[in-house]
$ cat work_20.txt   # compact mmCIF, C-alpha atoms
# COMPACT_ATOMS: atom_id res chain seq x y z
CA MET T 201 -19.14 -76.34 36.41
CA TRP T 202 -17.12 -78.43 38.91
CA ASN T 203 -14.43 -75.73 39.04
CA GLU T 204 -17.00 -73.03 39.59
CA TRP T 205 -18.62 -75.03 42.38
CA ILE T 206 -15.41 -75.66 44.37
CA SER T 207 -14.38 -72.02 43.90
CA SER T 208 -17.26 -70.86 46.07
CA PRO T 209 -15.97 -69.64 49.48
CA LEU T 210 -18.61 -71.90 51.01
CA PHE T 211 -16.69 -74.97 49.80
CA GLY T 212 -13.64 -74.25 51.97
CA ILE T 213 -15.77 -73.36 54.98
CA VAL T 214 -17.97 -76.48 54.80
CA LEU T 215 -14.97 -78.75 54.19
CA SER T 216 -13.13 -77.25 57.18
CA ILE T 217 -16.11 -77.65 59.51
CA LEU T 218 -16.66 -81.22 58.37
CA ALA T 219 -12.97 -82.12 58.80
CA PHE T 220 -12.89 -80.50 62.26
CA GLU T 221 -16.01 -82.34 63.39
CA ILE T 222 -14.43 -85.64 62.34
CA GLY T 223 -11.28 -84.60 64.23
CA LEU T 224 -13.30 -83.85 67.39
CA TRP T 225 -15.14 -87.16 67.08
CA LEU T 226 -11.91 -89.14 66.68
CA ASN T 227 -10.36 -87.25 69.60
CA ARG T 228 -13.29 -88.19 71.87
CA ARG T 229 -13.24 -91.77 70.59
CA LEU T 230 -9.50 -92.33 71.08
CA GLY T 231 -9.09 -90.04 74.10
CA SER T 232 -5.42 -89.45 73.31
CA PRO T 233 -3.62 -86.11 72.88
CA VAL T 234 -1.96 -87.54 69.74
CA ALA T 235 -5.43 -87.50 68.13
CA ASN T 236 -5.41 -83.70 68.05
CA PRO T 237 -8.57 -82.40 66.28
CA LEU T 238 -6.69 -79.62 64.47
CA LEU T 239 -3.98 -81.99 63.22
CA ILE T 240 -6.59 -84.50 62.03
CA ALA T 241 -8.62 -81.74 60.31
CA VAL T 242 -5.56 -80.35 58.48
CA ILE T 243 -4.56 -83.84 57.28
CA LEU T 244 -8.13 -84.62 56.15
CA VAL T 245 -8.45 -81.36 54.18
CA ILE T 246 -5.07 -81.95 52.51
CA LEU T 247 -6.12 -85.51 51.60
CA VAL T 248 -9.41 -84.30 50.06
CA LEU T 249 -7.63 -81.58 48.07
CA GLN T 250 -5.02 -84.04 46.77
CA LEU T 251 -7.52 -86.82 46.04
CA PHE T 252 -9.90 -84.65 44.00
CA ARG T 253 -7.11 -82.51 42.53
CA ILE T 254 -8.59 -79.33 43.97
CA PRO T 255 -6.22 -76.35 43.78
CA LEU T 256 -5.22 -74.81 47.12
CA GLU T 257 -6.47 -71.40 45.90
CA SER T 258 -10.04 -72.72 45.60
CA PHE T 259 -9.98 -73.99 49.18
CA GLN T 260 -8.39 -70.78 50.49
CA LYS T 261 -11.32 -68.66 49.17
CA GLY T 262 -13.26 -70.03 52.14
CA GLY T 263 -10.07 -70.35 54.19
CA GLU T 264 -9.58 -66.59 54.15
CA VAL T 265 -13.02 -66.10 55.71
CA ILE T 266 -12.10 -68.50 58.53
CA SER T 267 -8.65 -66.93 59.01
CA MET T 268 -10.29 -63.52 59.39
CA MET T 269 -11.83 -64.74 62.64
CA LEU T 270 -8.35 -65.27 64.14
CA VAL T 271 -8.27 -61.61 65.22
CA PRO T 272 -11.38 -61.81 67.44
CA ALA T 273 -10.26 -65.28 68.61
CA THR T 274 -6.99 -63.77 69.89
CA ALA T 275 -8.84 -60.86 71.48
CA ALA T 276 -11.06 -63.38 73.31
CA LEU T 277 -7.97 -64.59 75.21
CA ALA T 278 -8.46 -61.42 77.29
CA LEU T 279 -11.57 -63.07 78.73
CA LEU T 280 -9.44 -66.02 79.89
CA VAL T 281 -6.99 -63.77 81.76
CA TYR T 282 -9.83 -61.62 83.18
CA ARG T 283 -11.62 -64.64 84.65
CA GLN T 284 -8.48 -65.69 86.57
CA LEU T 285 -7.68 -62.22 87.88
CA PRO T 286 -7.74 -63.16 91.63
CA VAL T 287 -5.28 -66.09 91.24
CA LEU T 288 -3.13 -64.02 88.92
CA ARG T 289 -3.03 -61.11 91.40
CA GLU T 290 -1.91 -63.46 94.18
CA ASN T 291 0.92 -64.96 92.10
CA PHE T 292 1.64 -62.00 89.85
CA LEU T 293 5.43 -61.72 90.10
CA PRO T 294 6.27 -65.48 89.89
CA VAL T 295 3.85 -65.98 86.97
CA VAL T 296 5.06 -62.99 84.93
CA LEU T 297 8.76 -63.72 85.55
CA GLY T 298 8.17 -67.42 84.82
CA CYS T 299 6.54 -66.61 81.48
CA LEU T 300 9.36 -64.19 80.67
CA ALA T 301 11.99 -66.86 81.43
CA GLY T 302 10.05 -69.40 79.37
CA SER T 303 9.72 -67.08 76.38
CA VAL T 304 13.40 -66.10 76.46
CA THR T 305 14.46 -69.75 76.78
CA SER T 306 12.18 -70.83 73.95
CA MET T 307 13.36 -68.19 71.49
CA VAL T 308 17.05 -68.43 72.35
CA SER T 309 17.08 -72.24 72.24
CA VAL T 310 15.25 -72.27 68.89
CA ALA T 311 17.71 -69.77 67.43
CA VAL T 312 20.69 -71.81 68.69
CA CYS T 313 19.25 -75.13 67.44
CA CYS T 314 18.54 -73.65 64.00
CA ARG T 315 22.10 -72.38 63.78
CA LEU T 316 23.50 -75.78 64.86
CA LEU T 317 21.35 -77.70 62.35
CA GLY T 318 22.19 -75.24 59.60
CA LEU T 319 18.65 -73.97 58.93
CA ASP T 320 18.35 -70.68 57.06
CA GLU T 321 16.99 -67.36 58.33
CA VAL T 322 13.51 -67.86 56.88
CA MET T 323 13.17 -71.20 58.68
CA THR T 324 14.54 -69.69 61.92
CA ALA T 325 12.02 -66.82 61.76
CA SER T 326 9.25 -69.36 61.15
CA LEU T 327 10.19 -71.44 64.22
CA LEU T 328 11.17 -68.67 66.64
CA PRO T 329 7.67 -68.02 68.08
CA LYS T 330 6.53 -71.67 68.02
CA SER T 331 5.86 -72.01 71.78
CA VAL T 332 3.04 -69.44 71.88
CA THR T 333 -0.55 -69.54 70.74
CA THR T 334 -1.04 -69.74 66.96
CA PRO T 335 -2.53 -66.28 66.19
CA ILE T 336 0.32 -64.52 68.00
CA ALA T 337 2.98 -66.88 66.58
CA MET T 338 1.65 -66.26 63.05
CA GLU T 339 1.93 -62.49 63.43
CA VAL T 340 5.43 -62.63 64.92
CA SER T 341 6.59 -65.04 62.19
CA ALA T 342 5.13 -62.94 59.37
CA SER T 343 6.61 -59.68 60.64
CA HIS T 344 10.09 -61.27 60.78
CA GLY T 345 9.96 -62.80 57.30
CA GLY T 346 8.96 -66.33 58.35
CA LEU T 347 6.64 -68.71 56.46
CA VAL T 348 3.31 -68.68 58.28
CA PRO T 349 2.21 -72.27 57.39
CA ILE T 350 5.53 -73.66 58.72
CA THR T 351 4.96 -71.70 61.93
CA VAL T 352 1.45 -73.11 62.26
CA VAL T 353 2.70 -76.68 61.84
CA ALA T 354 5.52 -76.11 64.35
CA VAL T 355 3.08 -74.58 66.86
CA ILE T 356 0.65 -77.50 66.53
CA LEU T 357 3.46 -80.07 66.82
CA THR T 358 4.91 -78.36 69.90
CA GLY T 359 1.46 -78.21 71.49
CA ILE T 360 0.78 -81.90 70.91
CA MET T 361 4.20 -82.92 72.23
CA GLY T 362 3.66 -80.70 75.29
CA ALA T 363 0.26 -82.22 75.97
CA ILE T 364 1.65 -85.76 75.72
CA CYS T 365 4.79 -85.06 77.78
CA ALA T 366 3.24 -82.80 80.48
CA PRO T 367 2.96 -85.51 83.20
CA LEU T 368 6.52 -86.70 82.47
CA LEU T 369 7.90 -83.14 82.57
CA ILE T 370 6.19 -82.52 85.92
CA ARG T 371 8.03 -85.55 87.32
CA LEU T 372 11.32 -84.68 85.60
CA PHE T 373 11.43 -81.17 87.11
CA HIS T 374 9.86 -82.23 90.47
CA VAL T 375 6.93 -79.80 90.14
CA LYS T 376 4.67 -79.91 93.23
CA ASP T 377 2.71 -76.65 93.01
CA PRO T 378 -0.40 -76.58 90.72
CA VAL T 379 0.23 -72.93 89.73
CA GLU T 380 3.79 -73.79 88.71
CA ALA T 381 2.60 -76.82 86.74
CA GLY T 382 -0.16 -74.91 84.93
CA VAL T 383 1.93 -71.91 83.94
CA SER T 384 4.81 -74.11 82.74
CA ILE T 385 2.50 -76.21 80.58
CA GLY T 386 0.93 -73.10 79.05
CA ALA T 387 4.30 -71.43 78.46
CA CYS T 388 5.75 -74.39 76.55
CA SER T 389 2.68 -75.71 74.75
CA HIS T 390 -0.07 -73.02 74.70
CA ALA T 391 -3.74 -74.02 74.18
CA VAL T 392 -3.15 -77.65 73.21
CA GLY T 393 -1.15 -78.18 76.41
CA THR T 394 -3.85 -76.30 78.33
CA THR T 395 -6.39 -78.98 77.41
CA ARG T 396 -4.14 -81.46 79.25
CA ALA T 397 -3.63 -79.07 82.19
CA LEU T 398 -7.43 -78.78 82.51
CA GLU T 399 -7.59 -82.55 82.93
CA MET T 400 -5.17 -82.31 85.87
CA GLY T 401 -7.27 -79.73 87.69
CA GLU T 402 -9.16 -76.45 87.45
CA LEU T 403 -6.32 -74.38 88.92
CA GLU T 404 -3.74 -75.97 86.59
CA GLY T 405 -5.99 -75.34 83.60
CA ALA T 406 -6.72 -71.75 84.54
CA MET T 407 -3.07 -70.87 85.13
CA SER T 408 -2.11 -72.55 81.88
CA GLY T 409 -4.72 -70.38 80.14
CA VAL T 410 -3.37 -67.23 81.78
CA SER T 411 0.17 -68.06 80.70
CA ILE T 412 -0.97 -68.35 77.04
CA GLY T 413 -1.82 -64.65 77.12
CA ILE T 414 1.21 -63.52 79.13
CA SER T 415 3.77 -65.67 77.24
CA GLY T 416 2.26 -64.50 73.96
CA LEU T 417 2.69 -60.88 74.96
CA MET T 418 6.27 -61.51 76.19
CA THR T 419 7.15 -63.19 72.89
CA VAL T 420 5.80 -60.24 70.89
CA LEU T 421 7.83 -57.82 73.01
CA LEU T 422 10.99 -59.98 72.81
CA SER T 423 10.64 -60.38 69.06
CA LEU T 424 10.92 -56.59 68.72
CA LEU T 425 14.48 -56.94 70.02
CA TYR T 426 15.39 -59.67 67.55
CA MET Z 118 -27.34 -58.47 74.51
CA SER Z 119 -28.18 -59.76 71.04
CA PHE Z 120 -25.59 -61.96 69.35
CA LEU Z 121 -25.26 -59.48 66.50
CA ARG Z 122 -24.49 -56.65 68.91
CA GLU Z 123 -21.93 -58.87 70.68
CA LEU Z 124 -20.28 -59.60 67.33
CA GLY Z 125 -20.33 -55.90 66.49
CA LEU Z 126 -18.73 -54.98 69.81
CA ILE Z 127 -15.89 -57.53 69.56
CA LEU Z 128 -15.21 -56.76 65.90
CA ALA Z 129 -15.17 -53.02 66.68
CA VAL Z 130 -12.56 -53.63 69.42
CA CYS Z 131 -10.54 -55.67 66.87
CA LEU Z 132 -10.80 -52.96 64.23
CA LEU Z 133 -9.68 -50.36 66.76
CA GLY Z 134 -6.77 -52.65 67.72
CA GLU Z 135 -5.68 -53.00 64.11
CA GLY Z 136 -5.92 -49.24 63.65
CA ILE Z 137 -3.74 -48.62 66.71
CA ALA Z 138 -1.23 -51.24 65.50
CA MET Z 139 -0.94 -49.40 62.17
CA VAL Z 140 0.04 -46.10 63.79
CA LEU Z 141 2.45 -47.71 66.30
CA PRO Z 142 6.08 -47.07 65.40
CA ILE Z 143 6.96 -50.76 66.01
CA PRO Z 144 5.56 -53.89 64.24
CA PHE Z 145 3.08 -55.08 66.87
CA PRO Z 146 0.22 -57.48 66.03
CA GLY Z 147 -3.18 -55.76 65.88
CA SER Z 148 -4.85 -58.84 67.36
CA VAL Z 149 -2.69 -58.56 70.48
CA VAL Z 150 -3.53 -54.85 70.80
CA ALA Z 151 -7.21 -55.85 70.55
CA MET Z 152 -6.67 -58.42 73.32
CA GLY Z 153 -5.17 -55.70 75.53
CA LEU Z 154 -8.03 -53.31 74.71
CA LEU Z 155 -10.68 -55.89 75.59
CA PHE Z 156 -8.88 -56.69 78.85
CA LEU Z 157 -8.76 -52.96 79.71
CA LEU Z 158 -12.48 -52.58 78.92
CA LEU Z 159 -13.24 -55.42 81.33
CA ILE Z 160 -11.17 -54.14 84.26
CA VAL Z 161 -12.04 -50.44 84.11
CA PRO Z 162 -15.50 -49.26 85.19
CA CYS Z 163 -17.33 -48.85 81.87
CA PRO Z 164 -20.59 -50.05 80.28
CA VAL Z 165 -18.89 -53.12 78.74
CA ARG Z 166 -19.14 -56.03 81.16
CA GLU Z 167 -18.09 -59.66 80.85
CA HIS Z 168 -21.60 -60.89 79.98
CA HIS Z 169 -21.68 -58.48 77.03
CA VAL Z 170 -18.94 -60.43 75.25
CA SER Z 171 -19.10 -63.88 76.86
CA ARG Z 172 -21.36 -65.66 74.35
CA LEU Z 173 -19.22 -64.96 71.29
CA GLY Z 174 -16.08 -64.99 73.48
CA ASN Z 175 -16.80 -68.50 74.74
CA PHE Z 176 -17.60 -69.65 71.21
CA LEU Z 177 -14.24 -68.33 69.96
CA LEU Z 178 -12.30 -69.81 72.91
CA GLN Z 179 -14.00 -73.20 72.70
CA ASN Z 180 -13.44 -73.52 68.95
CA MET Z 181 -10.09 -71.73 68.82
CA ALA Z 182 -8.36 -74.61 67.01
CA PHE Z 183 -10.88 -74.58 64.15
CA PHE Z 184 -9.78 -71.14 62.96
CA PHE Z 185 -6.24 -72.39 62.28
CA ILE Z 186 -7.20 -75.05 59.76
CA PRO Z 187 -6.65 -72.88 56.63
CA ALA Z 188 -3.29 -71.66 57.94
CA GLY Z 189 -2.24 -75.27 58.58
CA VAL Z 190 -3.41 -76.46 55.16
CA GLY Z 191 -1.16 -73.76 53.67
CA ILE Z 192 1.75 -76.14 54.42
CA LEU Z 193 0.88 -77.80 51.06
CA GLU Z 194 2.77 -74.99 49.35
CA TYR Z 195 5.91 -75.97 51.25
CA ALA Z 196 5.83 -79.75 50.78
CA GLN Z 197 9.36 -79.81 49.34
CA LEU Z 198 10.77 -77.74 52.21
CA MET Z 199 9.08 -80.06 54.73
CA LYS Z 200 10.54 -83.12 53.02
CA GLU Z 201 14.03 -81.67 53.39
CA GLN Z 202 13.81 -80.08 56.83
CA GLY Z 203 10.78 -81.68 58.49
CA LEU Z 204 12.86 -83.93 60.74
CA ALA Z 205 14.97 -81.01 61.99
CA LEU Z 206 11.74 -79.11 62.68
CA VAL Z 207 10.31 -81.94 64.81
CA ALA Z 208 13.59 -82.34 66.73
CA ILE Z 209 13.83 -78.60 67.45
CA CYS Z 210 10.20 -78.42 68.61
CA PHE Z 211 10.68 -81.33 71.01
CA PHE Z 212 14.00 -80.27 72.51
CA THR Z 213 13.12 -76.59 73.01
CA MET Z 214 9.71 -77.49 74.46
CA ILE Z 215 11.41 -79.38 77.33
CA LEU Z 216 13.81 -76.48 77.97
CA THR Z 217 10.94 -73.96 77.99
CA PHE Z 218 8.96 -76.01 80.51
CA GLY Z 219 12.00 -76.34 82.78
CA ALA Z 220 12.95 -72.67 82.63
CA THR Z 221 9.38 -71.56 83.45
CA ALA Z 222 8.92 -74.05 86.30
CA LEU Z 223 12.28 -73.34 87.96
CA THR Z 224 11.83 -69.56 87.69
CA ILE Z 225 8.38 -69.66 89.28
CA ARG Z 226 9.68 -71.88 92.09
CA GLY Z 227 12.70 -69.63 92.67
CA VAL Z 228 10.69 -66.39 92.73
CA THR Z 229 7.96 -67.87 94.97
CA ARG Z 230 10.60 -69.09 97.45
CA LEU Z 231 12.38 -65.74 97.41
CA LEU Z 232 9.11 -63.87 98.06
CA SER Z 233 8.02 -66.17 100.90
CA ARG Z 234 11.47 -65.95 102.51
CA LYS Z 235 11.26 -62.15 102.39
CA LYS Z 236 7.77 -62.29 103.87
CA SER Z 237 8.78 -64.60 106.73
CA ALA Z 238 11.88 -62.49 107.43
CA LYS Z 239 9.63 -59.45 107.69
CA GLU Z 240 7.29 -61.31 110.02
CA ALA Z 241 10.21 -62.46 112.17
CA ALA Z 242 11.50 -58.89 112.37
CA ALA Z 243 8.06 -57.67 113.42
CA HIS Z 244 7.97 -60.41 116.07
CA VAL Z 245 11.32 -59.32 117.60
CA GLU Z 246 10.16 -55.74 117.88

$ encode --input "work_20.txt" --output "structure tokens"
Amino acid sequence: MWNEWISSPLFGIVLSILAFEIGLWLNRRLGSPVANPLLIAVILVILVLQLFRIPLESFQKGGEVISMMLVPATAALALLVYRQLPVLRENFLPVVLGCLAGSVTSMVSVAVCCRLLGLDEVMTASLLPKSVTTPIAMEVSASHGGLVPITVVAVILTGIMGAICAPLLIRLFHVKDPVEAGVSIGACSHAVGTTRALEMGELEGAMSGVSIGISGLMTVLLSLLY
Amino acid sequence: MSFLRELGLILAVCLLGEGIAMVLPIPFPGSVVAMGLLFLLLIVPCPVREHHVSRLGNFLLQNMAFFFIPAGVGILEYAQLMKEQGLALVAICFFTMILTFGATALTIRGVTRLLSRKKSAKEAAAHVE
């Protein structure tokens, strides 16, 4: 009966929502980018599965329902770009070229690092799109023979590191302009970094959001060449 | 617009995006095609306006991270691989993140300067005339 109960798709959905709510609560409580709600939720779910010896397949029955919503979630990024149309129009060329340079740098440097550290092709394909937003990174990884869960972990890790390091990077590269700061944060650490950019200011946050969409698109286009 | 109709509209755009992605000669993510389609719908004069998709759209944007939980939990299948190469993965993510930030920032600064120099040169030329 226990097995039947945990095999209901509702089990995975309820567990995920519960874990995410705890993650959000901890994030508010600790107020630190290290306490990333997604990271906490993933760890909590894994702990529950291990502790009660629940097979991954049972959890993924509900997981598949949640993953299905990734397509509309990606489409909703269009809303983010649309809302910042005036600022984007004013800075169109610098923003687009900046995102292009960021995407090229990210992919080339990942490929070189993987080669240097002796990682195989599957691992390289999994890490290649790690600077862009998860739904796009997942698609790029899958279509190049990467392992999607590794990509997701790399994307989350990169995002958290970007959010923590953003103020330091701004000082390191002597960034003065809020548009430059926002786009750079979004290009290197997507939505997780954007949460930090939003804390710096509305313009920084908005431009970071815009660069999620543009960098994602650039990465898809570049990956066609790979 | 009712929430159900909003859901129907966004899912229809997604379905159309996936359909287009299937007939494209190159492997392009359907979700990204859907994003482009929705953006087009918003900027061209048509019956679909921002408030027709903003309730569900805001919900998806605000809870974006939630939808990645199952994909992240999938790492369980690769525990052995992570034990062997996890450290390399963290190092690569950190190092390339700094490079990506730098490349983006310096490019934006360079292009902005170039454009403003061109603009002021044009203005100076107009002044001389």

$ closest_residue --input "work_20.txt" --among "T:Val410, T:Met323, T:Cys388, T:Leu347" --to "Gln202 in chain Z" --atoms "only C-alpha atoms"
T:Met323

$ closest_residue --input "work_20.txt" --among "Z:Ala138, Z:Leu124, Z:Ala208, Z:Ile192" --to "Val150 in chain Z" --atoms "all atoms listed in the file"
Z:Ala138

$ interface_residues --input "work_20.txt" --of "chain T" --to "chain Z" --cutoff "7 Å" --atoms "all atoms listed in the file" --output "ChimeraX atom specification"
/T:216,220,238,241-242,246,260,263,266-267,269-279,282,294-295,297-299,301-302,305-306,309-310,313,339,343,349-350,352-354,358,361-362,373,380-381,384-385,387-388

$ write_last_selection --input "work_20.txt" --atoms "C-alpha atoms" --output "mmCIF file, keeping the file's coordinate frame"
data_model
loop_
_atom_site.group_PDB
_atom_site.id
_atom_site.type_symbol
_atom_site.label_atom_id
_atom_site.label_comp_id
_atom_site.auth_asym_id
_atom_site.auth_seq_id
_atom_site.Cartn_x
_atom_site.Cartn_y
_atom_site.Cartn_z
ATOM 1 C CA SER T 216 -13.130 -77.250 57.180
ATOM 2 C CA PHE T 220 -12.890 -80.500 62.260
ATOM 3 C CA LEU T 238 -6.690 -79.620 64.470
ATOM 4 C CA ALA T 241 -8.620 -81.740 60.310
ATOM 5 C CA VAL T 242 -5.560 -80.350 58.480
ATOM 6 C CA ILE T 246 -5.070 -81.950 52.510
ATOM 7 C CA GLN T 260 -8.390 -70.780 50.490
ATOM 8 C CA GLY T 263 -10.070 -70.350 54.190
ATOM 9 C CA ILE T 266 -12.100 -68.500 58.530
ATOM 10 C CA SER T 267 -8.650 -66.930 59.010
ATOM 11 C CA MET T 269 -11.830 -64.740 62.640
ATOM 12 C CA LEU T 270 -8.350 -65.270 64.140
ATOM 13 C CA VAL T 271 -8.270 -61.610 65.220
ATOM 14 C CA PRO T 272 -11.380 -61.810 67.440
ATOM 15 C CA ALA T 273 -10.260 -65.280 68.610
ATOM 16 C CA THR T 274 -6.990 -63.770 69.890
ATOM 17 C CA ALA T 275 -8.840 -60.860 71.480
ATOM 18 C CA ALA T 276 -11.060 -63.380 73.310
ATOM 19 C CA LEU T 277 -7.970 -64.590 75.210
ATOM 20 C CA ALA T 278 -8.460 -61.420 77.290
ATOM 21 C CA LEU T 279 -11.570 -63.070 78.730
ATOM 22 C CA TYR T 282 -9.830 -61.620 83.180
ATOM 23 C CA PRO T 294 6.270 -65.480 89.890
ATOM 24 C CA VAL T 295 3.850 -65.980 86.970
ATOM 25 C CA LEU T 297 8.760 -63.720 85.550
ATOM 26 C CA GLY T 298 8.170 -67.420 84.820
ATOM 27 C CA CYS T 299 6.540 -66.610 81.480
ATOM 28 C CA ALA T 301 11.990 -66.860 81.430
ATOM 29 C CA GLY T 302 10.050 -69.400 79.370
ATOM 30 C CA THR T 305 14.460 -69.750 76.780
ATOM 31 C CA SER T 306 12.180 -70.830 73.950
ATOM 32 C CA SER T 309 17.080 -72.240 72.240
ATOM 33 C CA VAL T 310 15.250 -72.270 68.890
ATOM 34 C CA CYS T 313 19.250 -75.130 67.440
ATOM 35 C CA GLU T 339 1.930 -62.490 63.430
ATOM 36 C CA SER T 343 6.610 -59.680 60.640
ATOM 37 C CA PRO T 349 2.210 -72.270 57.390
ATOM 38 C CA ILE T 350 5.530 -73.660 58.720
ATOM 39 C CA VAL T 352 1.450 -73.110 62.260
ATOM 40 C CA VAL T 353 2.700 -76.680 61.840
ATOM 41 C CA ALA T 354 5.520 -76.110 64.350
ATOM 42 C CA THR T 358 4.910 -78.360 69.900
ATOM 43 C CA MET T 361 4.200 -82.920 72.230
ATOM 44 C CA GLY T 362 3.660 -80.700 75.290
ATOM 45 C CA PHE T 373 11.430 -81.170 87.110
ATOM 46 C CA GLU T 380 3.790 -73.790 88.710
ATOM 47 C CA ALA T 381 2.600 -76.820 86.740
ATOM 48 C CA SER T 384 4.810 -74.110 82.740
ATOM 49 C CA ILE T 385 2.500 -76.210 80.580
ATOM 50 C CA ALA T 387 4.300 -71.430 78.460
ATOM 51 C CA CYS T 388 5.750 -74.390 76.550
#

$ closest_residue --input "work_20.txt" --among "T:Val281, T:Val392, T:Val308, T:Leu316" --to "Asn236 in chain T" --atoms "only C-alpha atoms"
T:Val392

$ closest_residue --input "work_20.txt" --among "T:Met307, T:Ile356, T:Val322, T:Leu210" --to "Lys261 in chain T" --atoms "only C-alpha atoms"
T:Leu210

$ atom_distance --input "work_20.txt" --atom1 "CA of Leu328 in chain T" --atom2 "CA of Ser341 in chain T"
7.3 Å

$ atom_distance --input "work_20.txt" --atom1 "CA of Gly345 in chain T" --atom2 "CA of Arg315 in chain T"
16.8 Å

$ atom_distance --input "work_20.txt" --atom1 "CA of Leu244 in chain T" --atom2 "CA of Gly409 in chain T"
28.1 Å

$ residues_around --input "work_20.txt" --residues "Ile206 in chain T" --least-positions-apart "4" --cutoff "12 Å" --atoms "only C-alpha atoms" --output "ChimeraX atom specification"
/T:201-202,210-215,248-249,252-262

$ write_last_selection --input "work_20.txt" --atoms "C-alpha atoms" --output "PDB file, keeping the file's coordinate frame"
ATOM      1  CA  MET T 201     -19.140 -76.340  36.410  1.00  0.00           C
ATOM      2  CA  TRP T 202     -17.120 -78.430  38.910  1.00  0.00           C
ATOM      3  CA  LEU T 210     -18.610 -71.900  51.010  1.00  0.00           C
ATOM      4  CA  PHE T 211     -16.690 -74.970  49.800  1.00  0.00           C
ATOM      5  CA  GLY T 212     -13.640 -74.250  51.970  1.00  0.00           C
ATOM      6  CA  ILE T 213     -15.770 -73.360  54.980  1.00  0.00           C
ATOM      7  CA  VAL T 214     -17.970 -76.480  54.800  1.00  0.00           C
ATOM      8  CA  LEU T 215     -14.970 -78.750  54.190  1.00  0.00           C
ATOM      9  CA  VAL T 248      -9.410 -84.300  50.060  1.00  0.00           C
ATOM     10  CA  LEU T 249      -7.630 -81.580  48.070  1.00  0.00           C
ATOM     11  CA  PHE T 252      -9.900 -84.650  44.000  1.00  0.00           C
ATOM     12  CA  ARG T 253      -7.110 -82.510  42.530  1.00  0.00           C
ATOM     13  CA  ILE T 254      -8.590 -79.330  43.970  1.00  0.00           C
ATOM     14  CA  PRO T 255      -6.220 -76.350  43.780  1.00  0.00           C
ATOM     15  CA  LEU T 256      -5.220 -74.810  47.120  1.00  0.00           C
ATOM     16  CA  GLU T 257      -6.470 -71.400  45.900  1.00  0.00           C
ATOM     17  CA  SER T 258     -10.040 -72.720  45.600  1.00  0.00           C
ATOM     18  CA  PHE T 259      -9.980 -73.990  49.180  1.00  0.00           C
ATOM     19  CA  GLN T 260      -8.390 -70.780  50.490  1.00  0.00           C
ATOM     20  CA  LYS T 261     -11.320 -68.660  49.170  1.00  0.00           C
ATOM     21  CA  GLY T 262     -13.260 -70.030  52.140  1.00  0.00           C
TER      22      GLY T 262
END

$ axis_aligned_box --input "work_20.txt" --around "range 138-147 of chain Z" --padding-each-side "8 Å" --output "AutoDock Vina command-line options"
--center_x 1.9 --center_y -51.8 --center_z 64.5 --size_x 26.1 --size_y 27.4 --size_z 20.7

$ closest_residue --input "work_20.txt" --among "T:Glu264, T:Glu399, T:Glu404, T:Glu321" --to "Gly231 in chain T" --atoms "only C-alpha atoms"
T:Glu399

$ residues_around --input "work_20.txt" --residues "Met118 in chain Z" --least-positions-apart "2" --cutoff "9 Å" --atoms "all atoms listed in the file" --output "list in words"
Phe120, Leu121, Arg122, Glu123, His168, His169 and Val170 of chain Z

$ residues_near_point --input "work_20.txt" --point "(0.2, -68.3, 86.8)" --cutoff "8 Å" --atoms "only C-alpha atoms" --output "VMD selection string"
chain T and resid 287 to 288 291 to 292 294 to 296 379 to 380 382 to 383 407 to 408 410 to 411
